[in-house]
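Source file: protein_7.cif (mmCIF, C-alpha atoms)
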data_structure
#
loop_
_atom_site.label_atom_id
_atom_site.label_comp_id
_atom_site.auth_asym_id
_atom_site.auth_seq_id
_atom_site.Cartn_x
_atom_site.Cartn_y
_atom_site.Cartn_z
CA MET A 1 96.52 76.92 91.96
CA PRO A 2 98.51 74.46 94.16
CA PRO A 3 100.60 76.10 96.92
CA TRP A 4 103.77 74.35 95.74
CA LEU A 5 103.33 75.86 92.26
CA ILE A 6 102.77 79.33 93.75
CA GLN A 7 106.01 78.96 95.72
CA ILE A 8 107.90 78.07 92.54
CA LEU A 9 106.40 81.02 90.65
CA ASP A 10 107.26 83.42 93.48
CA THR A 11 110.95 82.55 93.12
CA MET A 12 110.94 83.62 89.44
CA PRO A 13 111.48 87.12 88.06
CA VAL A 14 108.30 88.63 86.67
CA GLU A 15 109.51 88.27 83.07
CA THR A 16 110.10 84.55 83.63
CA GLN A 17 106.63 84.20 85.16
CA ALA A 18 105.04 85.75 82.07
CA PHE A 19 107.01 83.42 79.82
CA ALA A 20 106.09 80.40 81.98
CA PHE A 21 102.36 81.16 81.82
CA SER A 22 102.38 81.55 78.04
CA LEU A 23 104.65 78.55 77.54
CA PHE A 24 102.36 76.36 79.63
CA PHE A 25 99.26 77.12 77.58
CA VAL A 26 101.09 76.90 74.26
CA ALA A 27 102.57 73.55 75.30
CA VAL A 28 99.15 72.22 76.31
CA ALA A 29 97.64 73.33 73.00
CA TRP A 30 100.46 71.90 70.89
CA VAL A 31 100.44 68.59 72.74
CA GLY A 32 96.72 68.48 72.13
CA VAL A 33 97.14 69.25 68.43
CA ILE A 34 99.76 66.52 68.02
CA PHE A 35 98.34 63.74 70.19
CA ILE A 36 94.64 64.42 70.88
CA ARG A 37 93.46 66.09 67.67
CA PRO A 38 93.76 62.84 65.64
CA PHE A 39 91.13 61.26 67.92
CA PHE A 40 88.84 64.26 67.43
CA ARG A 41 89.31 64.01 63.66
CA PHE A 42 88.41 60.33 63.72
CA TRP A 43 85.34 61.02 65.88
CA LEU A 44 84.16 63.95 63.74
CA ARG A 45 85.36 62.70 60.34
CA ASN A 46 81.84 62.66 58.84
CA GLN A 47 80.72 66.00 60.29
CA PRO A 48 80.19 68.56 57.48
CA ARG A 49 80.97 72.27 58.00
CA LEU A 50 82.80 71.47 61.22
CA ASN A 51 84.61 74.80 61.45
CA GLU A 52 81.36 76.75 61.17
CA ILE A 53 79.85 74.71 64.00
CA VAL A 54 82.95 75.23 66.17
CA ASN A 55 82.96 78.96 65.46
CA TYR A 56 79.28 79.23 66.29
CA ALA A 57 79.67 77.26 69.54
CA SER A 58 82.79 79.11 70.65
CA ALA A 59 81.44 82.59 69.90
CA GLY A 60 79.09 82.69 72.88
CA PHE A 61 81.61 81.01 75.15
CA SER A 62 84.38 83.42 74.13
CA LEU A 63 82.12 86.37 74.87
CA PHE A 64 81.41 85.30 78.44
CA TYR A 65 84.94 84.03 79.12
CA GLY A 66 86.49 87.20 77.72
CA LEU A 67 84.14 89.25 79.87
CA LEU A 68 85.18 87.25 82.93
CA LEU A 69 88.89 87.78 82.23
CA GLY A 70 88.30 91.47 81.56
CA LEU A 71 86.41 92.01 84.80
CA LEU A 72 89.00 90.10 86.80
CA SER A 73 91.77 92.13 85.17
CA VAL A 74 90.08 95.39 86.12
CA ALA A 75 89.38 94.17 89.67
CA ALA A 76 92.97 92.98 90.16
CA TYR A 77 94.40 96.22 88.73
CA THR A 78 92.12 98.34 90.92
CA ASN A 79 93.14 96.38 94.01
CA ALA A 80 96.84 96.70 93.17
CA ARG A 81 96.44 100.44 92.57
CA ASP A 82 94.62 100.86 95.89
CA ILE A 83 97.31 98.94 97.78
CA SER A 84 99.99 101.11 96.19
CA GLY A 85 98.00 104.19 97.16
CA PHE A 86 97.71 102.99 100.77
CA ALA A 87 101.50 102.55 100.89
CA GLY A 88 102.10 106.07 99.58
CA ARG A 89 99.65 107.63 102.01
CA GLU A 90 101.07 105.64 104.92
CA ALA A 91 104.57 106.90 104.09
CA ALA A 92 103.20 110.46 103.91
CA GLU A 93 101.63 110.08 107.35
CA LEU A 94 104.97 108.86 108.72
CA VAL A 95 106.66 111.97 107.34
CA SER A 96 103.96 114.13 108.94
CA ILE A 97 104.49 112.49 112.35
CA TYR A 98 108.26 112.86 112.01
CA ARG A 99 108.03 116.55 111.21
CA SER A 100 105.29 117.33 113.72
CA ALA A 101 107.39 115.80 116.50
CA LEU A 102 109.26 119.13 116.58
CA ALA A 103 106.48 120.37 118.87
CA TYR A 104 107.55 117.95 121.62
CA PRO A 105 110.25 118.57 124.22
CA GLU A 106 113.68 117.39 123.14
CA GLU A 107 113.62 114.01 124.90
CA THR A 108 110.18 113.02 123.58
CA ARG A 109 110.94 114.46 120.14
CA ASP A 110 114.13 112.41 119.79
CA GLU A 111 112.39 109.25 120.98
CA VAL A 112 109.45 109.62 118.58
CA ARG A 113 111.72 110.39 115.64
CA HIS A 114 113.98 107.47 116.44
CA LEU A 115 111.01 105.09 116.57
CA VAL A 116 109.55 106.43 113.32
CA ARG A 117 112.91 106.02 111.55
CA ASP A 118 113.26 102.52 112.93
CA TYR A 119 109.78 101.55 111.74
CA THR A 120 110.38 103.02 108.27
CA LEU A 121 113.64 101.12 107.83
CA PHE A 122 112.01 97.93 109.10
CA VAL A 123 109.25 98.22 106.48
CA VAL A 124 111.82 98.70 103.68
CA ASP A 125 114.49 96.23 104.75
CA ARG A 126 112.56 93.49 106.54
CA GLU A 127 108.82 93.61 105.86
CA TRP A 128 108.74 94.08 102.10
CA PRO A 129 111.11 91.16 101.33
CA ALA A 130 109.01 88.97 103.65
CA TYR A 131 105.86 89.81 101.69
CA ARG A 132 107.27 87.90 98.72
CA ASP A 133 106.99 84.75 100.86
CA GLY A 134 103.49 85.63 102.03
CA ARG A 135 104.67 86.54 105.55
CA VAL A 136 104.03 89.62 107.69
CA PRO A 137 106.78 89.93 110.35
CA VAL A 138 105.54 90.78 113.84
CA GLY A 139 108.28 93.39 114.21
CA GLY A 140 106.18 95.99 112.43
CA GLU A 141 103.34 95.74 114.92
CA ASN A 142 105.80 95.77 117.82
CA ARG A 143 107.36 98.99 116.54
CA LEU A 144 103.94 100.61 116.11
CA LEU A 145 103.10 99.62 119.68
CA ALA A 146 106.31 101.30 120.89
CA ILE A 147 105.40 104.50 119.03
CA ARG A 148 101.87 104.42 120.44
CA GLU A 149 103.12 103.93 124.01
CA THR A 150 105.54 106.84 123.63
CA LEU A 151 102.83 109.15 122.27
CA LEU A 152 100.26 108.15 124.88
CA GLY A 153 102.82 108.56 127.65
CA PHE A 154 103.40 112.22 126.84
CA GLU A 155 101.59 114.85 128.92
CA PRO A 156 101.29 118.25 127.11
CA ALA A 157 102.44 121.18 129.21
CA THR A 158 101.17 123.98 126.97
CA VAL A 159 98.20 124.61 124.72
CA THR A 160 100.48 124.45 121.67
CA GLN A 161 101.79 121.06 122.72
CA GLU A 162 98.27 119.82 123.37
CA ILE A 163 97.07 120.84 119.88
CA ALA A 164 100.16 119.33 118.21
CA HIS A 165 99.91 116.16 120.30
CA ARG A 166 96.26 115.64 119.38
CA SER A 167 97.09 116.13 115.69
CA ILE A 168 99.96 113.65 115.86
CA LEU A 169 97.74 111.04 117.52
CA GLU A 170 95.12 111.46 114.79
CA THR A 171 97.81 111.14 112.12
CA PHE A 172 99.23 108.05 113.82
CA ASN A 173 95.81 106.37 113.97
CA ALA A 174 95.25 107.16 110.29
CA MET A 175 98.65 105.69 109.47
CA VAL A 176 97.86 102.47 111.36
CA SER A 177 94.57 102.18 109.47
CA LEU A 178 96.37 102.64 106.15
CA ARG A 179 98.87 99.98 107.14
CA GLN A 180 96.12 97.45 107.82
CA GLN A 181 94.54 98.18 104.45
CA ARG A 182 97.94 97.87 102.78
CA LEU A 183 98.62 94.49 104.36
CA ALA A 184 95.51 93.14 102.63
CA GLY A 185 97.71 93.01 99.52
CA VAL A 186 99.74 90.12 100.93
CA ASP A 187 96.91 87.65 100.31
CA PRO A 188 95.02 87.16 97.02
CA SER A 189 91.79 89.12 96.68
CA ILE A 190 90.19 86.98 93.95
CA PRO A 191 88.29 84.01 95.47
CA GLU A 192 89.56 80.51 94.74
CA VAL A 193 86.28 79.54 93.08
CA MET A 194 86.82 82.26 90.46
CA TRP A 195 90.32 80.98 89.76
CA VAL A 196 88.86 77.50 89.24
CA THR A 197 86.42 79.02 86.75
CA VAL A 198 89.28 80.76 84.93
CA TRP A 199 91.25 77.52 84.58
CA ILE A 200 88.20 75.59 83.42
CA GLY A 201 87.50 78.30 80.84
CA ALA A 202 91.09 78.11 79.63
CA GLY A 203 90.74 74.36 79.20
CA ILE A 204 87.54 74.77 77.18
CA THR A 205 89.29 77.36 75.00
CA VAL A 206 92.01 74.84 74.17
CA ILE A 207 89.40 72.18 73.37
CA PHE A 208 87.67 74.50 70.91
CA LEU A 209 91.04 75.10 69.25
CA LEU A 210 91.61 71.35 68.89
CA LEU A 211 88.25 70.92 67.16
CA LEU A 212 89.22 73.20 64.26
CA GLU A 213 89.81 71.51 60.93
CA VAL A 214 92.88 73.21 59.42
CA ARG A 215 96.30 72.23 58.15
CA PHE A 216 98.69 70.93 60.82
CA GLY A 217 101.20 73.79 60.62
CA LEU A 218 98.51 76.46 60.57
CA HIS A 219 96.81 74.73 63.49
CA LEU A 220 100.00 74.98 65.54
CA PHE A 221 100.42 78.64 64.57
CA ILE A 222 96.84 79.68 65.42
CA SER A 223 96.73 77.76 68.70
CA GLY A 224 100.14 79.12 69.66
CA LEU A 225 99.09 82.74 69.12
CA ILE A 226 95.81 82.43 71.00
CA CYS A 227 97.34 80.50 73.90
CA THR A 228 100.23 82.96 74.20
CA PHE A 229 97.81 85.81 74.75
CA LEU A 230 95.64 83.64 77.04
CA GLY A 231 98.67 82.91 79.18
CA LEU A 232 99.61 86.59 79.36
CA MET A 233 96.08 87.55 80.39
CA ILE A 234 96.02 85.02 83.23
CA PHE A 235 99.56 86.03 84.24
CA MET A 236 98.50 89.69 84.44
CA ILE A 237 95.56 88.82 86.68
CA TYR A 238 97.79 86.59 88.83
CA VAL A 239 100.47 89.18 89.56
CA GLN A 240 98.04 92.07 90.06
CA ASP A 241 95.97 89.95 92.45
CA ARG A 242 98.95 89.74 94.87
CA PRO A 243 100.32 93.30 94.78
CA LEU A 244 102.67 92.99 97.77
CA ARG A 245 104.13 89.71 96.52
CA SER A 246 104.84 90.87 92.98
CA GLU A 247 107.54 93.00 91.38
CA VAL A 248 105.11 94.86 89.12
CA ALA A 249 102.64 96.31 91.62
CA ALA A 250 103.13 98.02 95.01
CA SER A 251 106.68 98.71 96.16
CA SER A 252 108.49 100.07 99.20
CA VAL A 253 109.73 103.12 97.26
CA PRO A 254 107.48 105.63 99.14
CA PHE A 255 108.97 104.50 102.46
CA ALA A 256 112.51 104.52 101.11
CA LEU A 257 112.04 108.04 99.75
CA ALA A 258 110.50 109.20 103.03
CA TYR A 259 113.56 107.98 104.88
CA GLU A 260 116.13 109.31 102.41
CA ARG A 261 114.57 112.75 101.91
CA VAL A 262 113.21 113.54 105.37
CA MET A 263 114.58 111.26 108.08
CA ARG A 264 118.15 110.47 107.04
CA TRP A 265 119.70 113.91 107.40
CA ASP A 266 119.89 113.80 111.19
CA GLU A 267 121.16 110.22 111.44
CA ARG A 268 124.34 109.98 113.46
CA PRO A 269 127.28 108.01 111.99
#

Will you turn the file into structure tokens for me?
Amino acid sequence: MPPWLIQILDTMPVETQAFAFSLFFVAVAWVGVIFIRPFFRFWLRNQPRLNEIVNYASAGFSLFYGLLLGLLSVAAYTNARDISGFAGREAAELVSIYRSALAYPEETRDEVRHLVRDYTLFVVDREWPAYRDGRVPVGGENRLLAIRETLLGFEPATVTQEIAHRSILETFNAMVSLRQQRLAGVDPSIPEVMWVTVWIGAGITVIFLLLLEVRFGLHLFISGLICTFLGLMIFMIYVQDRPLRSEVAASSVPFALAYERVMRWDERP
């Protein structure tokens, strides 16, 4: 799909995107029925039992194309679910670090908690909106570096502090790993060559519809129904394939809840 078209789609609400996908395929089919089908009829005017031949030819194609769309749908959904899970687990690790910071002396505890709050708010207010444009602001990595430097700069004075400090470092490293896995949702996971195959298959589907020999009005009705569902299927794969750039997949809610329920209570006015 051309980058300029992706940029246009990203500016639309998800409902408008679904309508645009279906409308595109229906429009292509109806234009074909009105302007291209007459040439097919002239070319195949002496072919007996045309519909049976078309049905026979399209049956095998529909099987493999439907299987391709089904597998891509499952793969895209699984990826979107995983990305959402990474976000939830990352937010949980942030809460764990925030709470475990109680084991530090007051100065270090306040510094760690301040940095964790700042990172959480940055993810909600700055990073997530930037994902819609396909960008990952560098501020997130800079804030993680500040947290890491603060943690590594602390020298435990007691056995209790040493145990708690080691646990916090392990939790922090796990959180960073989850963040990197989450950020994979900014870019599409389905290879471009597979998208090319999907679009070619959609074109062949429309051609098979144009070859049918039925009344004009019924032809428009049948092609419209099939192409509406075809557009919705491709739309579903498209939005699930980019879970951090879509309104229907992963969201920043886990981070917002972590801030509101755990970190906000000790914010100073």

Between CA of Phe221 (chain A) and CA of Ser22 (chain A), what distance in Å does the model show, to one decimal?
13.9 Å

Could you make a table, as a Markdown table, of the residues of region 153-244 of chain A that have an atom within 7 Å of an atom of region 82-106 of chain A, each with its nearest atom pair and distance in Å to one decimal, counting all atoms listed in the file, in chain and number order?
| residue | atom | partner | partner_atom | distance |
| --- | --- | --- | --- | --- |
| A:Gln161 | CA | A:Ala103 | CA | 6.1 |
| A:Ala164 | CA | A:Ala103 | CA | 6.4 |
| A:Ile168 | CA | A:Ile97 | CA | 5.8 |
| A:Thr171 | CA | A:Glu93 | CA | 6.2 |
| A:Met175 | CA | A:Glu90 | CA | 5.2 |
| A:Leu178 | CA | A:Phe86 | CA | 5.6 |
| A:Arg179 | CA | A:Glu90 | CA | 6.5 |
| A:Gln181 | CA | A:Phe86 | CA | 6.8 |
| A:Arg182 | CA | A:Ile83 | CA | 5.2 |
| A:Gly185 | CA | A:Ile83 | CA | 6.2 |

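The shortest atom-to-atom distance to Trp195 (chain A), with all atoms listed in the file taken into account, belongs to A:Ile234 out of A:Ile234, A:Gln7, A:Ile207, A:Ile226.
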
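Between CA of Tyr77 (chain A) and CA of Met233 (chain A) there is a distance of 12.1 Å.
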
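The space separating CA of Glu155 (chain A) from CA of Gly140 (chain A) comes to 25.5 Å.
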
Run the PyMOL selection byres ((chain A and resi 9-13) around 12) on the file and write out the hits as a ChimeraX atom specification.
/A:1-8,14-21,129-134,235,238-239,242,244-248

Got time to write the residues from that selection, C-alpha atoms, as a JSON list (two decimals), in the coordinates of the input?
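Dumped everything to result.json:
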[["chain", "number", "residue", "atom", "x", "y", "z"],
["A", 1, "MET", "CA", 96.52, 76.92, 91.96],
["A", 2, "PRO", "CA", 98.51, 74.46, 94.16],
["A", 3, "PRO", "CA", 100.60, 76.10, 96.92],
["A", 4, "TRP", "CA", 103.77, 74.35, 95.74],
["A", 5, "LEU", "CA", 103.33, 75.86, 92.26],
["A", 6, "ILE", "CA", 102.77, 79.33, 93.75],
["A", 7, "GLN", "CA", 106.01, 78.96, 95.72],
["A", 8, "ILE", "CA", 107.90, 78.07, 92.54],
["A", 14, "VAL", "CA", 108.30, 88.63, 86.67],
["A", 15, "GLU", "CA", 109.51, 88.27, 83.07],
["A", 16, "THR", "CA", 110.10, 84.55, 83.63],
["A", 17, "GLN", "CA", 106.63, 84.20, 85.16],
["A", 18, "ALA", "CA", 105.04, 85.75, 82.07],
["A", 19, "PHE", "CA", 107.01, 83.42, 79.82],
["A", 20, "ALA", "CA", 106.09, 80.40, 81.98],
["A", 21, "PHE", "CA", 102.36, 81.16, 81.82],
["A", 129, "PRO", "CA", 111.11, 91.16, 101.33],
["A", 130, "ALA", "CA", 109.01, 88.97, 103.65],
["A", 131, "TYR", "CA", 105.86, 89.81, 101.69],
["A", 132, "ARG", "CA", 107.27, 87.90, 98.72],
["A", 133, "ASP", "CA", 106.99, 84.75, 100.86],
["A", 134, "GLY", "CA", 103.49, 85.63, 102.03],
["A", 235, "PHE", "CA", 99.56, 86.03, 84.24],
["A", 238, "TYR", "CA", 97.79, 86.59, 88.83],
["A", 239, "VAL", "CA", 100.47, 89.18, 89.56],
["A", 242, "ARG", "CA", 98.95, 89.74, 94.87],
["A", 244, "LEU", "CA", 102.67, 92.99, 97.77],
["A", 245, "ARG", "CA", 104.13, 89.71, 96.52],
["A", 246, "SER", "CA", 104.84, 90.87, 92.98],
["A", 247, "GLU", "CA", 107.54, 93.00, 91.38],
["A", 248, "VAL", "CA", 105.11, 94.86, 89.12]]

Could you expand the PyMOL selection byres ((chain A and resi 66) around 12) into the explicit residues it covers here, written as an NGL selection string?
:A and (58-65 or 67-73 or 198 or 201-202 or 205 or 229-230 or 233-234)

Under the PyMOL selection byres ((chain A and resi 35-51) around 7), which residues of this model are included? Write them out as a PyMOL selection string.
chain A and resi 31-34+52-55+210-213

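Considering all atoms listed in the file, the residue among A:Leu144, A:Leu152, A:Val112, A:Leu218 positioned nearest to Gln180 (chain A) is A:Leu144.
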
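The nearest approach to Asn79 (chain A) among the residues A:His219, A:Ala256, A:Val186, A:Ile204, with only C-alpha atoms taken into account, belongs to A:Val186.
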
How big is the axis-aligned box around the listed atoms of region 157-173 of chain A once 8 Å is added on each side, and where is its centre? Give both in Å to one decimal, as AutoDock Vina command-line options.
--center_x 98.8 --center_y 115.5 --center_z 120.7 --size_x 23.3 --size_y 34.2 --size_z 33.1

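With all atoms listed in the file as the basis for measurement, A:Val116 is the residue among A:Ala250, A:Cys227, A:Leu209, A:Val116 that approaches Phe172 (chain A) most closely.
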
Return region 236-247 of chain A, completed with all heavy atoms, as a PDB file, in the coordinates of the input.
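Output saved as rebuild.pdb:
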ATOM      1  N   MET A 236      98.753  88.331  83.982  1.00  0.00           N
ATOM      2  CA  MET A 236      98.500  89.690  84.440  1.00  0.00           C
ATOM      3  C   MET A 236      97.545  89.701  85.628  1.00  0.00           C
ATOM      4  O   MET A 236      97.745  90.428  86.603  1.00  0.00           O
ATOM      5  CB  MET A 236      97.932  90.527  83.293  1.00  0.00           C
ATOM      6  CG  MET A 236      97.688  91.985  83.640  1.00  0.00           C
ATOM      7  SD  MET A 236      97.044  92.937  82.265  1.00  0.00           S
ATOM      8  CE  MET A 236      95.450  92.119  82.020  1.00  0.00           C
ATOM      9  N   ILE A 237      96.500  88.897  85.563  1.00  0.00           N
ATOM     10  CA  ILE A 237      95.560  88.820  86.680  1.00  0.00           C
ATOM     11  C   ILE A 237      96.256  88.266  87.918  1.00  0.00           C
ATOM     12  O   ILE A 237      96.075  88.753  89.030  1.00  0.00           O
ATOM     13  CB  ILE A 237      94.357  87.937  86.308  1.00  0.00           C
ATOM     14  CG1 ILE A 237      93.585  88.564  85.139  1.00  0.00           C
ATOM     15  CG2 ILE A 237      93.423  87.740  87.494  1.00  0.00           C
ATOM     16  CD1 ILE A 237      92.504  87.675  84.570  1.00  0.00           C
ATOM     17  N   TYR A 238      97.095  87.242  87.710  1.00  0.00           N
ATOM     18  CA  TYR A 238      97.790  86.590  88.830  1.00  0.00           C
ATOM     19  C   TYR A 238      98.694  87.556  89.581  1.00  0.00           C
ATOM     20  O   TYR A 238      98.650  87.641  90.812  1.00  0.00           O
ATOM     21  CB  TYR A 238      98.592  85.413  88.285  1.00  0.00           C
ATOM     22  CG  TYR A 238      99.477  84.742  89.313  1.00  0.00           C
ATOM     23  CD1 TYR A 238      98.952  83.851  90.235  1.00  0.00           C
ATOM     24  CD2 TYR A 238     100.847  85.003  89.344  1.00  0.00           C
ATOM     25  CE1 TYR A 238      99.769  83.237  91.177  1.00  0.00           C
ATOM     26  CE2 TYR A 238     101.670  84.397  90.274  1.00  0.00           C
ATOM     27  CZ  TYR A 238     101.117  83.513  91.193  1.00  0.00           C
ATOM     28  OH  TYR A 238     101.935  82.919  92.115  1.00  0.00           O
ATOM     29  N   VAL A 239      99.521  88.307  88.861  1.00  0.00           N
ATOM     30  CA  VAL A 239     100.470  89.180  89.560  1.00  0.00           C
ATOM     31  C   VAL A 239      99.782  90.395  90.169  1.00  0.00           C
ATOM     32  O   VAL A 239     100.186  90.867  91.245  1.00  0.00           O
ATOM     33  CB  VAL A 239     101.606  89.638  88.602  1.00  0.00           C
ATOM     34  CG1 VAL A 239     102.438  88.453  88.155  1.00  0.00           C
ATOM     35  CG2 VAL A 239     101.055  90.381  87.400  1.00  0.00           C
ATOM     36  N   GLN A 240      98.741  90.928  89.507  1.00  0.00           N
ATOM     37  CA  GLN A 240      98.040  92.070  90.060  1.00  0.00           C
ATOM     38  C   GLN A 240      97.187  91.682  91.257  1.00  0.00           C
ATOM     39  O   GLN A 240      96.874  92.530  92.107  1.00  0.00           O
ATOM     40  CB  GLN A 240      97.139  92.717  88.992  1.00  0.00           C
ATOM     41  CG  GLN A 240      97.886  93.284  87.804  1.00  0.00           C
ATOM     42  CD  GLN A 240      98.572  94.603  88.116  1.00  0.00           C
ATOM     43  OE1 GLN A 240      98.480  95.127  89.221  1.00  0.00           O
ATOM     44  NE2 GLN A 240      99.260  95.143  87.138  1.00  0.00           N
ATOM     45  N   ASP A 241      96.814  90.412  91.341  1.00  0.00           N
ATOM     46  CA  ASP A 241      95.970  89.950  92.450  1.00  0.00           C
ATOM     47  C   ASP A 241      96.770  89.836  93.745  1.00  0.00           C
ATOM     48  O   ASP A 241      96.184  89.720  94.821  1.00  0.00           O
ATOM     49  CB  ASP A 241      95.361  88.595  92.090  1.00  0.00           C
ATOM     50  CG  ASP A 241      94.371  88.093  93.138  1.00  0.00           C
ATOM     51  OD1 ASP A 241      93.562  88.925  93.616  1.00  0.00           O
ATOM     52  OD2 ASP A 241      94.399  86.897  93.473  1.00  0.00           O
ATOM     53  N   ARG A 242      98.092  89.876  93.680  1.00  0.00           N
ATOM     54  CA  ARG A 242      98.950  89.740  94.870  1.00  0.00           C
ATOM     55  C   ARG A 242      99.956  90.898  94.840  1.00  0.00           C
ATOM     56  O   ARG A 242     101.145  90.681  94.651  1.00  0.00           O
ATOM     57  CB  ARG A 242      99.656  88.386  94.832  1.00  0.00           C
ATOM     58  CG  ARG A 242      98.661  87.250  94.722  1.00  0.00           C
ATOM     59  CD  ARG A 242      99.161  86.004  94.016  1.00  0.00           C
ATOM     60  NE  ARG A 242     100.085  85.241  94.809  1.00  0.00           N
ATOM     61  CZ  ARG A 242     101.391  85.200  94.574  1.00  0.00           C
ATOM     62  NH1 ARG A 242     101.915  85.870  93.577  1.00  0.00           N
ATOM     63  NH2 ARG A 242     102.176  84.468  95.337  1.00  0.00           N
ATOM     64  N   PRO A 243      99.481  92.128  95.040  1.00  0.00           N
ATOM     65  CA  PRO A 243     100.320  93.300  94.780  1.00  0.00           C
ATOM     66  C   PRO A 243     101.541  93.441  95.684  1.00  0.00           C
ATOM     67  O   PRO A 243     102.520  94.066  95.274  1.00  0.00           O
ATOM     68  CB  PRO A 243      99.353  94.476  94.986  1.00  0.00           C
ATOM     69  CG  PRO A 243      98.244  93.938  95.810  1.00  0.00           C
ATOM     70  CD  PRO A 243      98.111  92.494  95.430  1.00  0.00           C
ATOM     71  N   LEU A 244     101.506  92.885  96.891  1.00  0.00           N
ATOM     72  CA  LEU A 244     102.670  92.990  97.770  1.00  0.00           C
ATOM     73  C   LEU A 244     103.641  91.831  97.578  1.00  0.00           C
ATOM     74  O   LEU A 244     104.716  91.829  98.167  1.00  0.00           O
ATOM     75  CB  LEU A 244     102.233  93.044  99.241  1.00  0.00           C
ATOM     76  CG  LEU A 244     101.542  94.332  99.681  1.00  0.00           C
ATOM     77  CD1 LEU A 244     101.220  94.290 101.157  1.00  0.00           C
ATOM     78  CD2 LEU A 244     102.403  95.553  99.369  1.00  0.00           C
ATOM     79  N   ARG A 245     103.253  90.859  96.752  1.00  0.00           N
ATOM     80  CA  ARG A 245     104.130  89.710  96.520  1.00  0.00           C
ATOM     81  C   ARG A 245     104.649  89.697  95.095  1.00  0.00           C
ATOM     82  O   ARG A 245     105.215  88.701  94.645  1.00  0.00           O
ATOM     83  CB  ARG A 245     103.364  88.418  96.824  1.00  0.00           C
ATOM     84  CG  ARG A 245     102.900  88.336  98.267  1.00  0.00           C
ATOM     85  CD  ARG A 245     102.033  87.127  98.534  1.00  0.00           C
ATOM     86  NE  ARG A 245     102.759  85.885  98.399  1.00  0.00           N
ATOM     87  CZ  ARG A 245     102.251  84.692  98.700  1.00  0.00           C
ATOM     88  NH1 ARG A 245     101.012  84.608  99.156  1.00  0.00           N
ATOM     89  NH2 ARG A 245     102.959  83.604  98.547  1.00  0.00           N
ATOM     90  N   SER A 246     104.450  90.796  94.379  1.00  0.00           N
ATOM     91  CA  SER A 246     104.840  90.870  92.980  1.00  0.00           C
ATOM     92  C   SER A 246     105.786  92.037  92.760  1.00  0.00           C
ATOM     93  O   SER A 246     105.774  93.009  93.506  1.00  0.00           O
ATOM     94  CB  SER A 246     103.595  91.014  92.091  1.00  0.00           C
ATOM     95  OG  SER A 246     103.950  91.367  90.777  1.00  0.00           O
ATOM     96  N   GLU A 247     106.590  91.932  91.710  1.00  0.00           N
ATOM     97  CA  GLU A 247     107.540  93.000  91.380  1.00  0.00           C
ATOM     98  C   GLU A 247     106.897  94.111  90.566  1.00  0.00           C
ATOM     99  O   GLU A 247     107.508  95.166  90.369  1.00  0.00           O
ATOM    100  CB  GLU A 247     108.711  92.419  90.577  1.00  0.00           C
ATOM    101  CG  GLU A 247     109.505  91.343  91.304  1.00  0.00           C
ATOM    102  CD  GLU A 247     110.571  90.748  90.411  1.00  0.00           C
ATOM    103  OE1 GLU A 247     110.775  91.280  89.307  1.00  0.00           O
ATOM    104  OE2 GLU A 247     111.193  89.758  90.812  1.00  0.00           O
TER     105      GLU A 247
END
